[in-house]
>>> print(open('coords28.txt').read())   # compact mmCIF, C-alpha atoms and all ligand atoms
# COMPACT_ATOMS: atom_id res chain seq x y z
CA MET A 1 0.00 0.00 0.00
CA SER A 2 1.36 3.43 -0.86
CA LYS A 3 1.74 5.99 1.90
CA LYS A 4 -1.33 8.20 2.38
CA MET A 5 -1.94 11.58 3.97
CA ILE A 6 -5.27 12.81 5.29
CA ALA A 7 -5.50 16.45 6.39
CA ILE A 8 -8.21 17.59 8.80
CA ASP A 9 -8.60 21.29 9.55
CA GLY A 10 -11.27 23.38 11.21
CA PRO A 11 -12.07 25.63 14.18
CA SER A 12 -11.64 24.62 17.84
CA GLY A 13 -14.15 22.08 19.11
CA ALA A 14 -15.30 20.97 15.65
CA GLY A 15 -14.33 17.41 16.59
CA LYS A 16 -11.05 17.20 14.67
CA SER A 17 -9.02 15.22 17.17
CA THR A 18 -11.84 12.82 18.13
CA THR A 19 -12.53 12.13 14.45
CA ALA A 20 -8.86 11.93 13.48
CA LYS A 21 -8.00 9.43 16.23
CA ILE A 22 -10.83 7.04 15.36
CA LEU A 23 -10.05 7.38 11.66
CA ALA A 24 -6.33 6.73 12.24
CA ARG A 25 -7.10 3.67 14.34
CA ARG A 26 -9.45 2.33 11.71
CA LEU A 27 -7.01 2.83 8.84
CA ASN A 28 -3.95 1.94 10.95
CA TYR A 29 -2.38 5.31 10.16
CA LYS A 30 -0.39 7.44 12.57
CA TYR A 31 -2.30 10.36 14.11
CA ILE A 32 -0.42 13.66 14.32
CA ASP A 33 -2.05 16.28 16.51
CA THR A 34 -0.36 19.51 15.37
CA GLY A 35 -2.30 21.55 17.95
CA ALA A 36 -0.50 19.48 20.60
CA MET A 37 2.81 20.72 19.19
CA TYR A 38 1.84 24.38 19.68
CA ARG A 39 0.36 23.44 23.05
CA ALA A 40 3.62 21.76 24.06
CA VAL A 41 5.65 24.90 23.33
CA THR A 42 3.06 26.91 25.29
CA LEU A 43 3.18 24.49 28.24
CA GLN A 44 6.96 24.67 28.39
CA ALA A 45 6.92 28.48 28.22
CA LEU A 46 4.40 28.60 31.08
CA GLN A 47 6.31 26.06 33.17
CA LYS A 48 9.58 27.90 32.69
CA ASN A 49 7.95 31.29 33.30
CA ILE A 50 9.14 32.59 29.96
CA ASP A 51 7.54 35.86 28.99
CA PHE A 52 5.68 35.50 25.69
CA SER A 53 7.32 38.66 24.41
CA ALA A 54 10.74 36.95 24.73
CA LYS A 55 10.45 35.64 21.18
CA LYS A 56 13.99 34.31 21.03
CA GLU A 57 13.45 32.04 24.03
CA ILE A 58 10.11 30.83 22.69
CA VAL A 59 11.68 30.07 19.30
CA ASN A 60 14.43 28.21 21.13
CA LEU A 61 11.79 26.04 22.86
CA ALA A 62 10.17 25.34 19.49
CA ASN A 63 13.49 24.38 17.97
CA LYS A 64 14.26 21.94 20.77
CA LEU A 65 10.74 20.49 20.92
CA ASP A 66 11.00 16.75 21.51
CA ILE A 67 7.47 15.42 20.99
CA ASP A 68 6.12 12.01 20.06
CA PHE A 69 2.69 10.44 19.62
CA SER A 70 1.60 6.85 20.29
CA PHE A 71 -0.57 5.00 17.77
CA PRO A 72 -4.26 5.25 18.83
CA ASP A 73 -5.30 2.42 21.23
CA ALA A 74 -8.56 0.45 20.93
CA GLU A 75 -10.55 3.36 22.39
CA GLY A 76 -8.89 5.80 19.99
CA LYS A 77 -6.77 7.31 22.80
CA VAL A 78 -3.39 8.73 21.79
CA LYS A 79 -0.63 9.51 24.26
CA VAL A 80 1.56 12.57 23.74
CA TYR A 81 5.12 12.49 25.08
CA LEU A 82 7.21 15.57 25.68
CA GLU A 83 10.87 14.81 26.30
CA GLY A 84 9.80 11.22 26.96
CA LYS A 85 7.22 12.16 29.65
CA GLU A 86 3.49 11.73 29.05
CA VAL A 87 1.78 15.13 29.00
CA SER A 88 -1.54 14.34 27.26
CA ASP A 89 -3.68 15.95 29.98
CA GLU A 90 -1.38 18.84 30.81
CA LEU A 91 -1.58 20.04 27.21
CA ARG A 92 -5.31 20.58 27.36
CA THR A 93 -5.87 22.75 30.44
CA ALA A 94 -7.78 26.06 30.22
CA GLU A 95 -4.51 27.91 30.89
CA VAL A 96 -2.82 26.37 27.83
CA ASP A 97 -6.04 27.02 25.83
CA LYS A 98 -5.91 30.67 26.76
CA ASN A 99 -2.30 31.20 25.70
CA VAL A 100 -1.69 28.86 22.78
CA SER A 101 -2.95 31.16 19.99
CA GLU A 102 -0.36 33.75 20.89
CA ILE A 103 2.44 31.20 20.59
CA ALA A 104 0.94 29.80 17.38
CA SER A 105 0.94 33.28 15.84
CA ILE A 106 4.75 33.65 16.01
CA PRO A 107 5.92 33.20 12.38
CA LYS A 108 9.26 31.62 13.30
CA VAL A 109 7.53 29.09 15.58
CA ARG A 110 5.21 28.17 12.72
CA GLU A 111 8.11 27.72 10.31
CA ILE A 112 9.82 25.34 12.74
CA MET A 113 6.60 23.39 13.30
CA LEU A 114 6.00 23.14 9.56
CA ILE A 115 9.34 21.37 9.08
CA LYS A 116 8.73 19.04 12.04
CA GLN A 117 5.19 18.23 10.86
CA ARG A 118 6.33 17.38 7.33
CA GLU A 119 9.09 15.25 8.82
CA LEU A 120 6.56 13.33 10.96
CA ALA A 121 4.49 12.59 7.84
CA LYS A 122 7.44 11.14 5.93
CA THR A 123 7.63 7.68 7.44
CA ASP A 124 4.02 6.54 7.96
CA SER A 125 0.59 7.06 6.47
CA VAL A 126 -0.91 9.83 8.59
CA VAL A 127 -4.05 11.57 9.65
CA MET A 128 -2.90 15.06 10.62
CA ASP A 129 -5.19 17.65 12.17
CA GLY A 130 -4.75 21.38 12.74
CA ARG A 131 -5.57 24.70 11.13
CA ASP A 132 -3.24 24.91 8.12
CA ILE A 133 -2.63 21.27 7.21
CA GLY A 134 -4.50 21.19 3.90
CA SER A 135 -3.54 24.74 2.98
CA ARG A 136 0.13 24.73 3.91
CA VAL A 137 1.66 21.76 5.75
CA LEU A 138 0.49 18.94 3.46
CA PRO A 139 -0.81 20.62 0.28
CA GLU A 140 -0.37 17.27 -1.50
CA ALA A 141 -2.61 15.39 0.96
CA ASP A 142 -4.72 12.62 -0.60
CA LEU A 143 -7.84 13.87 1.16
CA LYS A 144 -8.52 17.24 2.80
CA ILE A 145 -11.39 17.63 5.22
CA TYR A 146 -12.63 20.90 6.72
CA LEU A 147 -14.57 19.99 9.84
CA THR A 148 -17.10 22.45 11.26
CA ALA A 149 -19.91 22.72 13.80
CA ASN A 150 -21.82 25.68 15.19
CA LEU A 151 -20.31 27.65 18.08
CA THR A 152 -22.71 26.35 20.74
CA THR A 153 -22.03 22.70 19.84
CA ARG A 154 -18.30 23.34 19.87
CA ALA A 155 -18.42 25.14 23.22
CA GLU A 156 -20.53 22.38 24.78
CA ARG A 157 -17.94 19.79 23.72
CA ARG A 158 -15.04 21.83 25.06
CA LYS A 159 -16.90 22.49 28.33
CA GLU A 160 -17.45 18.77 28.81
CA GLU A 161 -13.82 18.00 28.03
CA LEU A 162 -12.63 20.56 30.60
CA HIS A 163 -15.22 19.31 33.09
CA ASN A 164 -13.92 15.74 32.72
CA ARG A 165 -10.49 17.05 33.62
CA GLY A 166 -11.86 18.73 36.75
CA GLU A 167 -12.06 22.28 35.36
CA LYS A 168 -15.58 23.67 35.77
CA LEU A 169 -16.37 26.65 33.53
CA ASP A 170 -19.81 27.92 32.50
CA LEU A 171 -20.92 27.61 28.88
CA GLU A 172 -20.92 31.34 28.15
CA LYS A 173 -17.31 31.67 29.31
CA VAL A 174 -16.20 28.66 27.22
CA LYS A 175 -18.10 30.07 24.22
CA CYS A 176 -16.44 33.45 24.62
CA ASP A 177 -12.92 31.93 24.98
CA LEU A 178 -13.45 29.65 21.98
CA ASN A 179 -14.72 32.50 19.82
CA GLU A 180 -11.76 34.65 20.77
CA ARG A 181 -9.27 31.86 19.98
CA ASP A 182 -10.92 31.19 16.60
CA LYS A 183 -10.74 34.89 15.69
CA LYS A 184 -7.04 34.98 16.54
CA ASP A 185 -6.41 31.76 14.56
CA GLN A 186 -8.34 33.09 11.53
CA ASN A 187 -6.87 36.56 11.50
CA ARG A 188 -3.18 36.02 12.11
CA ASP A 189 -0.87 36.99 9.26
CA HIS A 190 1.03 33.73 8.99
CA SER A 191 -0.87 30.61 7.78
CA PRO A 192 -4.24 31.37 9.41
CA LEU A 193 -7.08 28.89 9.76
CA THR A 194 -8.57 28.57 6.27
CA LYS A 195 -10.43 25.99 4.26
CA ALA A 196 -8.10 24.81 1.48
CA GLU A 197 -9.64 25.23 -1.97
CA ASP A 198 -9.80 21.48 -2.53
CA ALA A 199 -10.96 20.61 1.01
CA ILE A 200 -14.36 19.00 1.54
CA GLU A 201 -16.47 20.53 4.28
CA VAL A 202 -18.02 18.09 6.74
CA THR A 203 -20.28 19.30 9.56
CA THR A 204 -20.33 17.41 12.84
CA ASP A 205 -23.47 18.90 14.48
CA ASN A 206 -25.86 16.16 15.62
CA LYS A 207 -23.56 13.40 14.36
CA THR A 208 -21.71 10.80 16.41
CA PRO A 209 -17.94 10.58 15.89
CA GLN A 210 -18.53 7.20 14.20
CA GLU A 211 -20.94 8.78 11.73
CA VAL A 212 -18.39 11.47 10.88
CA VAL A 213 -15.67 8.82 10.42
CA GLU A 214 -17.99 6.79 8.14
CA GLU A 215 -18.58 9.90 6.04
CA ILE A 216 -14.84 10.53 5.72
CA CYS A 217 -14.15 6.88 4.85
CA ARG A 218 -16.72 7.14 2.05
CA LEU A 219 -14.98 10.28 0.78
CA LEU A 220 -11.64 8.46 0.91
CA GLU A 221 -13.07 5.56 -1.11
CA GLU A 222 -14.41 8.02 -3.70
CA GLU A 223 -11.02 9.70 -3.88
CA GLU A 224 -9.32 6.32 -4.37
CA GLU A 225 -11.81 5.37 -7.11
CA ASP A 226 -11.17 8.68 -8.88
CA GLY A 227 -7.46 7.88 -8.61
O1 LIG A 301 -6.39 21.95 17.81
P1 LIG A 301 -6.00 22.61 19.14
O2 LIG A 301 -7.15 23.27 19.85
O3 LIG A 301 -5.27 21.67 20.04
O4 LIG A 301 -4.96 23.76 18.73
C1 LIG A 301 -4.37 24.60 19.68
C2 LIG A 301 -4.03 25.94 19.08
O5 LIG A 301 -2.93 25.80 18.19
C3 LIG A 301 -5.15 26.60 18.30
O6 LIG A 301 -5.63 27.73 18.99
C4 LIG A 301 -4.54 27.03 17.00
C5 LIG A 301 -3.15 26.54 17.00
N1 LIG A 301 -2.86 25.68 15.85
C6 LIG A 301 -2.38 26.28 14.72
O7 LIG A 301 -2.26 27.50 14.69
N2 LIG A 301 -2.03 25.53 13.65
C7 LIG A 301 -2.16 24.20 13.68
N3 LIG A 301 -1.79 23.47 12.62
C8 LIG A 301 -2.69 23.56 14.83
C9 LIG A 301 -3.04 24.34 15.90
>>> encode(input="coords28.txt", output="structure tokens", more="lines below")
Ligand code: DC
Amino acid sequence: MSKKMIAIDGPSGAGKSTTAKILARRLNYKYIDTGAMYRAVTLQALQKNIDFSAKKEIVNLANKLDIDFSFPDAEGKVKVYLEGKEVSDELRTAEVDKNVSEIASIPKVREIMLIKQRELAKTDSVVMDGRDIGSRVLPEADLKIYLTANLTTRAERRKEELHNRGEKLDLEKVKCDLNERDKKDQNRDHSPLTKAEDAIEVTTDNKTPQEVVEEICRLLEEEEEDG
């Protein structure tokens, strides 16, 4: 089988990572969570008390980033390792949420991540999710999906995720934070969140993750038939 690349982009809470993990498990592809890479730089900057205006130090963290992802297990769970230590939960706190867009807007950080992301896609077939995968990181991807859902659905999902990690925030606050992060991700100068011209939009409102994965598998089959 030749190596394949599936790109999944879309706003926060659209269901990208849930979908991508199940899809990767089903196809036996590697799942690359590019948001986790920006989150990892953010986490390290917060842990080391590095001021976000100290661009050189942030770029240095990005350069040295030592991140790895496990293959999805039977439940679709993927472990993220930073310098060999599992940090899957630490990457998804409200504090990292709040700060990650600022780190992701630094052009030099994005350039470094772009190289690392392309490198990660070299060895295995991958499902890669993020904001600029179809438009910039993997423009040659075999299938590009743009995943969306309305703001309330997305905020409800994020609220539940935070709740399950012991962080209790009300829906309006989550909605406001999510909206703000999306605006920053869409309006930054360097590789903003956009739907690639050849991406197929898939909405996830009122669909189970399995239904979304089925839809994408059908699109993949069609793409393979079209050659
Ligand atoms: O998908 P996520 O919520 O884990 O992403 C975290 C942040 O990283 C998000 O606010 C936007 C940014 N990001 C990005 O700019 N480009 C990517 N390819 C992936 C994520």
>>> residues_near_ligand(input="coords28.txt", ligand="ligand LIG 301 (chain A)", cutoff="7 Å", atoms="only C-alpha atoms and all ligand atoms", output="list in words")
Ser12, Thr34, Gly35, Ala36, Tyr38, Arg39, Asp97, Val100, Ser101, Ala104, Ser105, Asp129, Gly130, Arg131, Asp132, Ile133, Arg181, Asp182, Asp185 and Pro192 of chain A
>>> closest_residue(input="coords28.txt", among="A:Ala74, A:Leu162, A:Met128, A:Met113", to="Ile32 (chain A)", atoms="all atoms listed in the file")
A:Met128
>>> closest_residue(input="coords28.txt", among="A:Glu223, A:Asp170, A:Glu201, A:Glu215", to="Asp9 (chain A)", atoms="only C-alpha atoms")
A:Glu201
>>> closest_residue(input="coords28.txt", among="A:Lys98, A:Lys207, A:Lys16, A:Arg25", to="Lys184 (chain A)", atoms="only C-alpha atoms")
A:Lys98
>>> closest_residue(input="coords28.txt", among="A:Ala7, A:Ile216, A:Val109, A:Ala121", to="Asp198 (chain A)", atoms="all atoms listed in the file")
A:Ala7
>>> atom_distance(input="coords28.txt", atom1="CA of Val127 (chain A)", atom2="CA of Tyr31 (chain A)")
4.9 Å
>>> closest_residue(input="coords28.txt", among="A:Leu151, A:Leu46, A:Ile8, A:Leu23", to="Val174 (chain A)", atoms="all atoms listed in the file")
A:Leu151
>>> closest_residue(input="coords28.txt", among="A:Glu111, A:Glu211, A:Asn150, A:Asn164", to="His190 (chain A)", atoms="all atoms listed in the file")
A:Glu111
>>> residues_around(input="coords28.txt", residues="Leu61 (chain A)", least_positions_apart="3", cutoff="9 Å", atoms="all atoms listed in the file", output="compact mmCIF listing (two decimals) with C-alpha atoms, keeping the file's coordinate frame")
# COMPACT_ATOMS: atom_id res chain seq x y z
CA VAL A 41 5.65 24.90 23.33
CA GLN A 44 6.96 24.67 28.39
CA ALA A 45 6.92 28.48 28.22
CA LYS A 56 13.99 34.31 21.03
CA GLU A 57 13.45 32.04 24.03
CA ILE A 58 10.11 30.83 22.69
CA LYS A 64 14.26 21.94 20.77
CA LEU A 65 10.74 20.49 20.92
CA VAL A 109 7.53 29.09 15.58
>>> residues_near_point(input="coords28.txt", point="(6.9, 18.6, 17.4)", cutoff="6 Å", atoms="all atoms listed in the file", output="tab-separated table (two decimals) with C-alpha atoms, keeping the file's coordinate frame")
chain	number	residue	atom	x	y	z
A	37	MET	CA	2.81	20.72	19.19
A	65	LEU	CA	10.74	20.49	20.92
A	67	ILE	CA	7.47	15.42	20.99
A	116	LYS	CA	8.73	19.04	12.04
>>> atom_distance(input="coords28.txt", atom1="CA of Thr93 (chain A)", atom2="CA of Ile145 (chain A)")
26.3 Å
>>> atom_distance(input="coords28.txt", atom1="CA of Thr148 (chain A)", atom2="CA of Cys176 (chain A)")
17.3 Å
>>> residues_around(input="coords28.txt", residues="Ile22 (chain A)", least_positions_apart="3", cutoff="10 Å", atoms="all atoms listed in the file", output="JSON, numbers by chain")
{"A": [17, 18, 19, 25, 26, 27, 28, 31, 72, 73, 74, 75, 76, 77, 78, 127, 209, 210, 212, 213]}
